[in-house]
Amino acid sequence: MDLATVAGLVGAFGLILLAMGSGVPAFLDSSSALIVLGGTVGAGLIHYRFSQLLSAGGVAKNAFLYKPRSPTELIKTLVEHASRARREGILALESAAEEAEDPFLKRALQLAVDGHEVSAIEAILSTEIEQLKDRHAKGAEIFTSLAGYAPALGMIGTLVGLVMMLQSMDDPSTIGPSMAVALLTTFYGAVLANLIFNPIAGKLKSRSAEEVLYKELAMEGVLSISHGDNPRIVEQKLSSFLEPRLRELVGQEK
Amino acid sequence: MDLATVAGLVGAFGLILLAMGSGVPAFLDSSSALIVLGGTVGAGLIHYRFSQLLSAGGVAKNAFLYKPRSPTELIKTLVEHASRARREGILALESAAEEAEDPFLKRALQLAVDGHEVSAIEAILSTEIEQLKDRHAKGAEIFTSLAGYAPALGMIGTLVGLVMMLQSMDDPSTIGPSMAVALLTTFYGAVLANLIFNPIAGKLKSRSAEEVLYKELAMEGVLSISHGDNPRIVEQKLSSFLEPRLRELVGQEK
Amino acid sequence: MDLATVAGLVGAFGLILLAMGSGVPAFLDSSSALIVLGGTVGAGLIHYRFSQLLSAGGVAKNAFLYKPRSPTELIKTLVEHASRARREGILALESAAEEAEDPFLKRALQLAVDGHEVSAIEAILSTEIEQLKDRHAKGAEIFTSLAGYAPALGMIGTLVGLVMMLQSMDDPSTIGPSMAVALLTTFYGAVLANLIFNPIAGKLKSRSAEEVLYKELAMEGVLSISHGDNPRIVEQKLSSFLEPRLRELVGQEK
Amino acid sequence: MDLATVAGLVGAFGLILLAMGSGVPAFLDSSSALIVLGGTVGAGLIHYRFSQLLSAGGVAKNAFLYKPRSPTELIKTLVEHASRARREGILALESAAEEAEDPFLKRALQLAVDGHEVSAIEAILSTEIEQLKDRHAKGAEIFTSLAGYAPALGMIGTLVGLVMMLQSMDDPSTIGPSMAVALLTTFYGAVLANLIFNPIAGKLKSRSAEEVLYKELAMEGVLSISHGDNPRIVEQKLSSFLEPRLRELVGQEK
Amino acid sequence: MDLATVAGLVGAFGLILLAMGSGVPAFLDSSSALIVLGGTVGAGLIHYRFSQLLSAGGVAKNAFLYKPRSPTELIKTLVEHASRARREGILALESAAEEAEDPFLKRALQLAVDGHEVSAIEAILSTEIEQLKDRHAKGAEIFTSLAGYAPALGMIGTLVGLVMMLQSMDDPSTIGPSMAVALLTTFYGAVLANLIFNPIAGKLKSRSAEEVLYKELAMEGVLSISHGDNPRIVEQKLSSFLEPRLRELVGQEK
């Protein structure tokens with residue numbers, strides 16, 4: 001997990017604990033925690049299939065462990081492949097396909113080496129990217145849904161507490177503490193939604209955008225190579241995907 | 001109904017009941033239940049036609065009973081059909097069309113065997129998929145609408161209770177219980193929306209995506225076969241729809 | 001007006017009245033009703049032109065009186081036209097065009113009989129469908145806007161009541177009733193939005209989808225006939241628009 | 001300004017004043033008005049550039065003064081131009097271009113008379129329509145943004161008032177009036193958003209749709225004329241943009 | 001930073017301070033400020049990568065310092081280039097490419113001078129514009145996310161304060177001030193969201209639209225020149241992007 005995530009979690013929860021001071025125990029209530037956490041998971045289990053929830057967990061773990069790969073390195077590699085294909089023919093990329101680490105790039109190069117039509121290669125690779133986007137969007141959507149259920153369950157818990165409190169207001173001195181307990185579920189729901197589920201959904205979306213950009217670069221590059229473009233055009237096409245300041249990194253080594 | 005759904009329902013409602021403890025009777029109020037449930041159904045009856053609400057019920061039942069079919073099996077079948085069509089001609093798929101269990105696949109194969117143009121087959125099958133998506137989206141939308149009406153009716157009920165309470169505050173000891181009853185409709189509305197209607201709408205959307213993916217695979221496969229693609233390209237095209245880890249399952253048997 | 005709408009209105013309002021019991025008079029306040037209803041209409045008058053609001057009323061009335069026409073009947077008719085056009089030439093549809101009850105179908109057949117190019121017919125008919133969609137969406141949007149203004153005006157009314165009550169709290173016994181009156185506008189706003197405006201907007205959207213589907217069927221059928229497709233293909237193309245269970249109805253009579 | 005707008009403003013504000021009765025002075029508080037109005041304008045100034053806010057004001061003024069032009073008249077004119085172009089050649093529209101009052105129609109006719117390719121004329125005119133839509137959408141968006149800031153600033157003002165009141169609750173008799181003043185900013189924010197900013201944004205959207213429809217009609221007509229379509233087809237194409245009941249007006253005079 | 005932004009910030013915060021009057025110290029609470037600001041940044045750190053947050057800061061700074069360039073000047077320049085290319089051939093634009101200040105225009109002209117196909121130039125330049133839009137949208141989205149987290153953290157802080165207050169209500173005289181402190185976080189959250197984060201996100205969107213329009217003009221112009229269009233058509237095409245009143249500025253000098 002990257003440092004910023006750890007810092008964010010520690011910082012946010014630390015500041016909340018700090019604000020509680022010596023009153024922390026008053027914020028721990030297992031019954032309230034159960035109704036919010038259990039109810040949110042319950043709503044998620046009705047909404048999604050069990051396997052979807054499990055795989056969402058895995059996807060989230062990957063999103064936090066994921067190390068973004070350098071698009072500039074990829075462009076340099078593709079431009080080199082383009083030069084070689086121009087000089088020695090597309091079959092010369094056979095070894096490049098075998099050595100490629102990224103499975104998508106490997107597949108793309110293999111399709112090009114196999115000599116399929118450019119339009120068939122494009123159909124295959126763009127379907128793969130579309131489906132990847134859909135799966136990523138689904139993963140992020142699961143956490144967005146949970147971020148919607150958590151505060152709702154928090155409110156449901158608070159209503160349960162309020163109704164019980166209002167039914168028996170004989171002893172005024174118990175009103176305050178009862179109400180405090182009733183508010184805890186709203187508090188739990190807000191924390192779950194805003195410091196756990198929503199940021200995870202956001203992380204998944206960012207990471208998906210990065211991976212899609214990487215794959216689009218690989219696809220554009222291989223299509224351009226299959227099409228027989230000259231390496232300079234390949235470089236121009238691919239560097240259009242980058243921020244201006246990163247473009248220099250691509251050109252520098254050449 | 002799958003186990004996860006049952007577990008979700010039992011878990012969520014169980015935890016809420018647990019939190020109520022011995023106070024459960026205080027949460028049962030037929031007049032409050034009537035105003036929320038009846039009012040929500042009433043709003044739904046003005047919004048939709050009766051037949052639409054009824055069919056939404058049926059659609060929801062199917063969504064929970066639905067067993068997802070394996071896309072990897074479908075791909076294997078389609079690749080086999082492609083091999084056979086290559087060897088023996090497209091008419092050899094006559095028996096495959098007759099034996100196909102899925103009505104959409106059956107229809108697609110029949111159209112291919114009948115020798116229609118690829119573009120005509122595509123027009124027919126993609127219209128069918130589009131209309132299916134529209135009907136599914138409509139079904140999910142009905143539950144999303146009900147999930148919007150339920151809390152609104154809950155609030156309306158609470159306002160009715162509050163106004164009545166405020167009109168006659170002579171006996172302070174009745175204020176608490178009156179307010180408790182007033183809050184019950186808000187509670188019912190929140191539970192209906194977040195543990196029943198919204199999760200059902202979500203389930204319908206997930207299930208629709210799975211069915212659409214299955215049908216898109218069938219369509220792409222049959223179009224590719226009609227087009228005379230070689231089986232390896234058919235496999236490549238179709239496996240692009242799958243997650244990388246499922247792709248191996250497709251290739252293994254070959 | 002269909003029975004379900006009447007049942008929905010009577011049921012929802014009946015249950016609310018039931019919950020009020022003998023307290024109904026406390027919920028009637030002409031000044032509160034004026035501020036919400038008048039204010040909502042006022043906001044609508046600034047937002048839209050008078051003619052738009054008036055025509056929205058007419059559109060809504062039609063939506064509730066509208067009897068959906070059977071798409072299966074239309075398909076059967078179009079397939080018969082296709083057979084006849086195949087046997088006797090497109091001019092044989094002259095009488096069919098004259099007898100067609102639906103103005104859109106009449107126009108479409110007339111264009112086909114006049115022998116215009118398929119692309120020109122498609123341009124004309126699809127423009128008509130697009131513009132119809134836009135007008136319907138506009139009509140539904142008006143009610144959605146009113147459904148947004150009503151609760152806002154309700155809150156404005158409640159704030160007026162609260163401020164006045166807070167200014168003169170000398171006699172504690174008046175606080176309850178004053179607050180009850182202040183809450184009435186919020187109550188009226190919620191009822192207007194959730195039992196009147198939003199359901200009407202929803203009804204308009206459903207009805208628009210049905211009418212658009214009907215017109216799309218008519219357009220596809222006439223285009224397919226103009227194009228000289230054989231009747232079996234026309235039937236296949238059109239039945240793709242239907243749910244599987246309705247498709248049998250189309251085929252049965254043939 | 002059209003009568004309906006005046007009636008809407010007078011009606012809505014009149015009913016609110018009526019509900020206040022003799023309590024109007026209690027609702028006037030310059031400090032509260034300043035924090036809401038000034039804060040909303042301040043947020044707008046950070047969000048937009050000064051020139052954008054100013055031009056939004058101008059755009060809004062135009063939207064209320066705007067008199068919609070008759071699309072049926074335009075269609076009749078275009079059909080006449082089509083007849084003339086058919087009889088005497090496209091150059092015969094030179095005088096029509098000079099006499100056209102609407103600058104967009106003038107420009108479109110001039111491009112046609114100049115003999116440019118249909119595709120070039122379409123590119124130029126559709127770019128103009130697209131950019132017009134974008135500018136209109138931007139103008140409406142400014143008022144939608146202000147409609148979002150106003151209640152937020154209202155809540156900020158109420159929080160300021162509440163905090164100050166809660167800090168010094170020594171004299172219970174001041175609590176009511178202090179709270180009344182605190183609520184005024186929420187009241188101002190709600191009124192600004194729902195009776196001023198949101199209806200203006202809506203008016204801009206309606207007016208934009210009308211102007212875009214008018215320009216689309218002009219574009220379609222001139223493209224059809226340039227393309228050499230016969231006048232009857234021009235009329236059919238253009239009347240597809242109209243509601244059925246308006247179509248008769250187009251045909252009547254012919 | 002432009003004057004309007006400064007005026008907006010000073011005005012909005014000045015009016016809030018004015019409303020606080022001598023009570024300003026009551027609104028300063030370091031623990032409350034920490035929980036809202038720190039918590040919002042913490043949520044942002046989980047949601048985004050550290051580098052994304054940092055670059056968002058840079059992007060925001062640029063947005064406020066950015067001086068919009070004149071599209072009318074650009075059009076005049078492009079029309080001159082078109083005239084020259086017509087007279088002396090496209091290679092005559094070599095010097096224009098070298099002297100161009102804007103890097104995008106420089107690149108576009110260089111591609112045209114290099115004699116690449118129009119479709120290749122369009123692919124390269126439109127990819128660059130698409131990616132720029134995506135990066136800008138991402139930047140604005142970061143501030144929109146923070147504008148969502150800030151009020152949520154404000155509510156979390158208020159719940160912490162409320163629960164602590166309700167737990168110990170022995171001394172009624174402390175209830176007011178405790179509640180006042182509890183409300184401060186809600187106040188901070190609302191101010192952060194509505195006077196800082198949302199307006200910044202809005203500024204980024206406006207600025208992005210301006211820059212994209214400028215680049216689209218440059219692309220359209222260079223494509224039109226590469227295509228060999230005559231200068232009058234180039235001017236017509238480009239002036240379609242402008243408001244009517246700006247178009248005269250383009251034509252005046254000619």
# chains A, B, ... in the order shown; residues from 1 in each chain; ligands from 1

$ calpha_fit_and_write --fixed "chain D" --moving "chain A" --output "compact mmCIF listing (two decimals) with C-alpha atoms, in the first residue's frame"
# COMPACT_ATOMS: atom_id res chain seq x y z
CA MET A 1 -40.61 40.63 -20.26
CA ASP A 2 -43.58 38.42 -21.00
CA LEU A 3 -46.67 38.62 -18.86
CA ALA A 4 -46.36 35.10 -17.49
CA THR A 5 -42.95 35.86 -16.00
CA VAL A 6 -44.26 39.01 -14.36
CA ALA A 7 -47.31 37.11 -13.13
CA GLY A 8 -45.09 34.32 -11.79
CA LEU A 9 -42.79 36.72 -9.92
CA VAL A 10 -45.59 38.86 -8.56
CA GLY A 11 -47.68 35.82 -7.64
CA ALA A 12 -44.95 33.88 -5.88
CA PHE A 13 -43.54 36.82 -3.95
CA GLY A 14 -47.04 38.18 -3.26
CA LEU A 15 -48.15 34.93 -1.68
CA ILE A 16 -45.04 34.81 0.47
CA LEU A 17 -45.63 38.39 1.63
CA LEU A 18 -49.27 37.54 2.28
CA ALA A 19 -48.22 34.64 4.50
CA MET A 20 -45.94 37.01 6.43
CA GLY A 21 -48.82 39.40 7.00
CA SER A 22 -47.90 42.19 9.39
CA GLY A 23 -44.67 40.37 10.24
CA VAL A 24 -42.83 41.52 7.10
CA PRO A 25 -40.30 43.73 8.94
CA ALA A 26 -39.09 40.67 10.87
CA PHE A 27 -37.99 39.19 7.56
CA LEU A 28 -35.83 42.13 6.54
CA ASP A 29 -32.30 41.95 7.83
CA SER A 30 -29.58 43.67 5.86
CA SER A 31 -26.73 41.71 7.40
CA SER A 32 -28.42 38.39 6.51
CA ALA A 33 -29.19 39.61 3.00
CA LEU A 34 -25.57 40.70 2.56
CA ILE A 35 -24.09 37.38 3.64
CA VAL A 36 -26.32 35.39 1.26
CA LEU A 37 -26.39 37.68 -1.76
CA GLY A 38 -22.80 38.87 -1.37
CA GLY A 39 -21.50 35.41 -0.58
CA THR A 40 -23.28 33.90 -3.59
CA VAL A 41 -21.91 36.59 -5.89
CA GLY A 42 -18.50 36.10 -4.26
CA ALA A 43 -18.55 32.35 -4.92
CA GLY A 44 -19.64 33.13 -8.48
CA LEU A 45 -16.70 35.54 -8.90
CA ILE A 46 -14.21 32.87 -7.84
CA HIS A 47 -15.93 30.27 -10.02
CA TYR A 48 -16.35 32.36 -13.17
CA ARG A 49 -14.55 35.30 -14.72
CA PHE A 50 -16.13 38.70 -14.23
CA SER A 51 -16.89 38.99 -17.94
CA GLN A 52 -18.70 35.64 -17.84
CA LEU A 53 -20.96 36.77 -15.00
CA LEU A 54 -21.70 40.06 -16.76
CA SER A 55 -22.52 38.37 -20.04
CA ALA A 56 -24.71 35.85 -18.18
CA GLY A 57 -26.75 38.80 -17.00
CA GLY A 58 -27.14 40.01 -20.56
CA VAL A 59 -28.06 36.57 -21.79
CA ALA A 60 -30.72 36.26 -19.09
CA LYS A 61 -32.21 39.64 -20.05
CA ASN A 62 -32.39 38.56 -23.67
CA ALA A 63 -34.02 35.27 -22.70
CA PHE A 64 -36.89 37.09 -21.07
CA LEU A 65 -37.29 39.67 -23.84
CA TYR A 66 -36.88 37.10 -26.62
CA LYS A 67 -39.84 36.67 -28.95
CA PRO A 68 -39.85 33.20 -30.48
CA ARG A 69 -39.97 33.23 -34.26
CA SER A 70 -42.41 31.04 -36.11
CA PRO A 71 -40.87 27.85 -37.48
CA THR A 72 -43.87 27.42 -39.79
CA GLU A 73 -43.13 30.75 -41.48
CA LEU A 74 -39.50 29.72 -41.93
CA ILE A 75 -40.52 26.43 -43.55
CA LYS A 76 -42.86 28.20 -45.96
CA THR A 77 -40.07 30.59 -46.93
CA LEU A 78 -37.58 27.76 -47.44
CA VAL A 79 -40.01 25.77 -49.58
CA GLU A 80 -40.53 28.86 -51.75
CA HIS A 81 -36.75 29.26 -52.07
CA ALA A 82 -36.54 25.59 -53.06
CA SER A 83 -39.12 26.09 -55.81
CA ARG A 84 -37.32 29.13 -57.11
CA ALA A 85 -33.90 27.45 -57.02
CA ARG A 86 -35.37 24.54 -58.98
CA ARG A 87 -36.85 26.81 -61.62
CA GLU A 88 -34.19 29.49 -61.93
CA GLY A 89 -31.05 27.96 -60.47
CA ILE A 90 -29.41 28.46 -57.08
CA LEU A 91 -28.09 31.90 -58.05
CA ALA A 92 -31.67 33.17 -58.04
CA LEU A 93 -31.47 33.04 -54.21
CA GLU A 94 -28.93 35.90 -54.15
CA SER A 95 -31.67 38.42 -53.43
CA ALA A 96 -33.28 36.10 -50.89
CA ALA A 97 -29.95 35.92 -49.06
CA GLU A 98 -29.69 39.69 -49.02
CA GLU A 99 -33.21 40.19 -47.73
CA ALA A 100 -33.11 37.46 -45.04
CA GLU A 101 -33.58 39.03 -41.62
CA ASP A 102 -32.16 36.20 -39.56
CA PRO A 103 -28.33 36.38 -39.72
CA PHE A 104 -27.94 32.60 -39.60
CA LEU A 105 -30.35 32.06 -42.50
CA LYS A 106 -28.64 34.88 -44.43
CA ARG A 107 -25.27 33.25 -43.96
CA ALA A 108 -26.57 29.81 -44.92
CA LEU A 109 -28.19 31.11 -48.11
CA GLN A 110 -25.06 33.09 -48.99
CA LEU A 111 -22.92 29.95 -48.65
CA ALA A 112 -25.34 28.08 -50.91
CA VAL A 113 -25.37 30.89 -53.49
CA ASP A 114 -21.56 30.98 -53.43
CA GLY A 115 -21.69 27.42 -54.69
CA HIS A 116 -19.65 25.71 -51.98
CA GLU A 117 -19.92 21.95 -51.61
CA VAL A 118 -22.84 20.69 -49.52
CA SER A 119 -20.45 19.00 -47.08
CA ALA A 120 -18.49 22.26 -46.53
CA ILE A 121 -21.72 24.19 -45.92
CA GLU A 122 -22.86 21.52 -43.48
CA ALA A 123 -19.54 21.61 -41.62
CA ILE A 124 -19.70 25.40 -41.26
CA LEU A 125 -23.35 25.61 -40.21
CA SER A 126 -23.32 22.65 -37.84
CA THR A 127 -20.19 24.00 -36.13
CA GLU A 128 -22.04 27.27 -35.63
CA ILE A 129 -25.04 25.47 -34.10
CA GLU A 130 -22.81 23.31 -31.85
CA GLN A 131 -20.94 26.35 -30.56
CA LEU A 132 -24.20 28.21 -29.98
CA LYS A 133 -25.50 25.25 -27.94
CA ASP A 134 -22.28 25.25 -25.91
CA ARG A 135 -22.50 28.98 -25.18
CA HIS A 136 -26.17 28.71 -24.20
CA ALA A 137 -25.48 25.69 -22.00
CA LYS A 138 -22.67 27.67 -20.32
CA GLY A 139 -25.02 30.57 -19.67
CA ALA A 140 -27.66 28.34 -18.10
CA GLU A 141 -24.97 26.55 -16.09
CA ILE A 142 -23.90 29.84 -14.47
CA PHE A 143 -27.39 30.31 -13.02
CA THR A 144 -27.54 26.66 -11.97
CA SER A 145 -24.25 27.16 -10.11
CA LEU A 146 -25.59 30.28 -8.38
CA ALA A 147 -28.72 28.30 -7.49
CA GLY A 148 -26.39 25.84 -5.76
CA TYR A 149 -24.33 28.46 -3.94
CA ALA A 150 -27.28 30.46 -2.61
CA PRO A 151 -28.72 27.82 -0.23
CA ALA A 152 -25.19 26.83 0.83
CA LEU A 153 -24.44 30.43 1.78
CA GLY A 154 -27.85 30.52 3.48
CA MET A 155 -26.83 27.54 5.60
CA ILE A 156 -23.44 29.11 6.34
CA GLY A 157 -25.21 32.25 7.55
CA THR A 158 -27.56 30.23 9.73
CA LEU A 159 -24.63 28.36 11.27
CA VAL A 160 -22.95 31.69 12.07
CA GLY A 161 -26.15 32.85 13.76
CA LEU A 162 -26.65 29.59 15.65
CA VAL A 163 -23.10 29.48 16.97
CA MET A 164 -23.35 33.06 18.21
CA MET A 165 -26.72 32.36 19.83
CA LEU A 166 -25.47 29.18 21.51
CA GLN A 167 -22.42 30.96 22.90
CA SER A 168 -24.59 33.32 24.94
CA MET A 169 -27.81 31.73 26.10
CA ASP A 170 -27.94 33.56 29.41
CA ASP A 171 -31.22 35.26 28.68
CA PRO A 172 -33.74 32.64 27.43
CA SER A 173 -36.05 35.33 26.06
CA THR A 174 -33.49 36.21 23.38
CA ILE A 175 -33.17 32.66 22.10
CA GLY A 176 -36.29 32.78 19.95
CA PRO A 177 -35.54 36.04 18.15
CA SER A 178 -31.85 35.13 17.70
CA MET A 179 -32.82 31.86 16.14
CA ALA A 180 -35.37 33.63 13.94
CA VAL A 181 -32.63 35.90 12.62
CA ALA A 182 -30.33 32.91 12.12
CA LEU A 183 -32.98 31.22 9.97
CA LEU A 184 -33.39 34.26 7.73
CA THR A 185 -30.29 33.47 5.68
CA THR A 186 -31.59 29.96 4.98
CA PHE A 187 -34.85 31.57 3.91
CA TYR A 188 -33.08 34.06 1.61
CA GLY A 189 -30.97 31.31 0.09
CA ALA A 190 -34.00 29.12 -0.65
CA VAL A 191 -35.91 32.03 -2.23
CA LEU A 192 -32.94 33.11 -4.37
CA ALA A 193 -32.36 29.58 -5.62
CA ASN A 194 -35.95 28.55 -6.27
CA LEU A 195 -37.66 31.74 -7.39
CA ILE A 196 -34.77 33.50 -9.14
CA PHE A 197 -31.74 31.45 -10.22
CA ASN A 198 -33.27 28.07 -11.08
CA PRO A 199 -36.20 29.48 -13.08
CA ILE A 200 -33.79 31.74 -15.01
CA ALA A 201 -31.56 28.77 -15.81
CA GLY A 202 -34.64 26.89 -16.98
CA LYS A 203 -35.78 29.78 -19.15
CA LEU A 204 -32.36 29.91 -20.81
CA LYS A 205 -32.52 26.20 -21.59
CA SER A 206 -36.01 26.44 -23.13
CA ARG A 207 -35.07 29.46 -25.18
CA SER A 208 -31.88 27.79 -26.38
CA ALA A 209 -33.85 24.74 -27.53
CA GLU A 210 -36.17 26.98 -29.54
CA GLU A 211 -33.36 28.90 -31.17
CA VAL A 212 -31.46 25.72 -31.98
CA LEU A 213 -34.55 24.16 -33.54
CA TYR A 214 -35.00 27.29 -35.70
CA LYS A 215 -31.38 27.16 -36.84
CA GLU A 216 -31.52 23.42 -37.50
CA LEU A 217 -34.56 23.99 -39.70
CA ALA A 218 -32.70 26.73 -41.61
CA MET A 219 -29.65 24.49 -42.02
CA GLU A 220 -31.63 21.42 -43.13
CA GLY A 221 -33.60 23.54 -45.59
CA VAL A 222 -30.58 25.21 -47.16
CA LEU A 223 -28.67 21.92 -47.35
CA SER A 224 -31.64 20.28 -49.01
CA ILE A 225 -31.88 23.19 -51.50
CA SER A 226 -28.13 23.05 -52.23
CA HIS A 227 -28.51 19.35 -52.79
CA GLY A 228 -31.13 20.08 -55.44
CA ASP A 229 -34.01 18.30 -53.67
CA ASN A 230 -37.45 18.91 -55.08
CA PRO A 231 -39.59 21.33 -53.04
CA ARG A 232 -41.98 18.62 -51.92
CA ILE A 233 -39.16 16.65 -50.31
CA VAL A 234 -37.85 19.86 -48.71
CA GLU A 235 -41.27 20.41 -47.20
CA GLN A 236 -41.51 16.82 -46.00
CA LYS A 237 -38.06 16.94 -44.44
CA LEU A 238 -38.70 20.22 -42.65
CA SER A 239 -42.22 19.51 -41.48
CA SER A 240 -40.85 16.40 -39.70
CA PHE A 241 -39.38 18.81 -37.17
CA LEU A 242 -42.83 20.11 -36.23
CA GLU A 243 -45.62 18.82 -34.05
CA PRO A 244 -48.32 17.21 -36.21
CA ARG A 245 -50.81 20.01 -35.50
CA LEU A 246 -48.37 22.67 -36.76
CA ARG A 247 -47.68 20.75 -39.96
CA GLU A 248 -51.05 21.66 -41.37
CA LEU A 249 -50.13 25.34 -41.09
CA VAL A 250 -47.20 24.72 -43.37
CA GLY A 251 -49.21 22.87 -45.97
CA GLN A 252 -52.35 25.03 -45.90
CA GLU A 253 -51.10 27.91 -47.95
CA LYS A 254 -49.72 25.79 -50.70
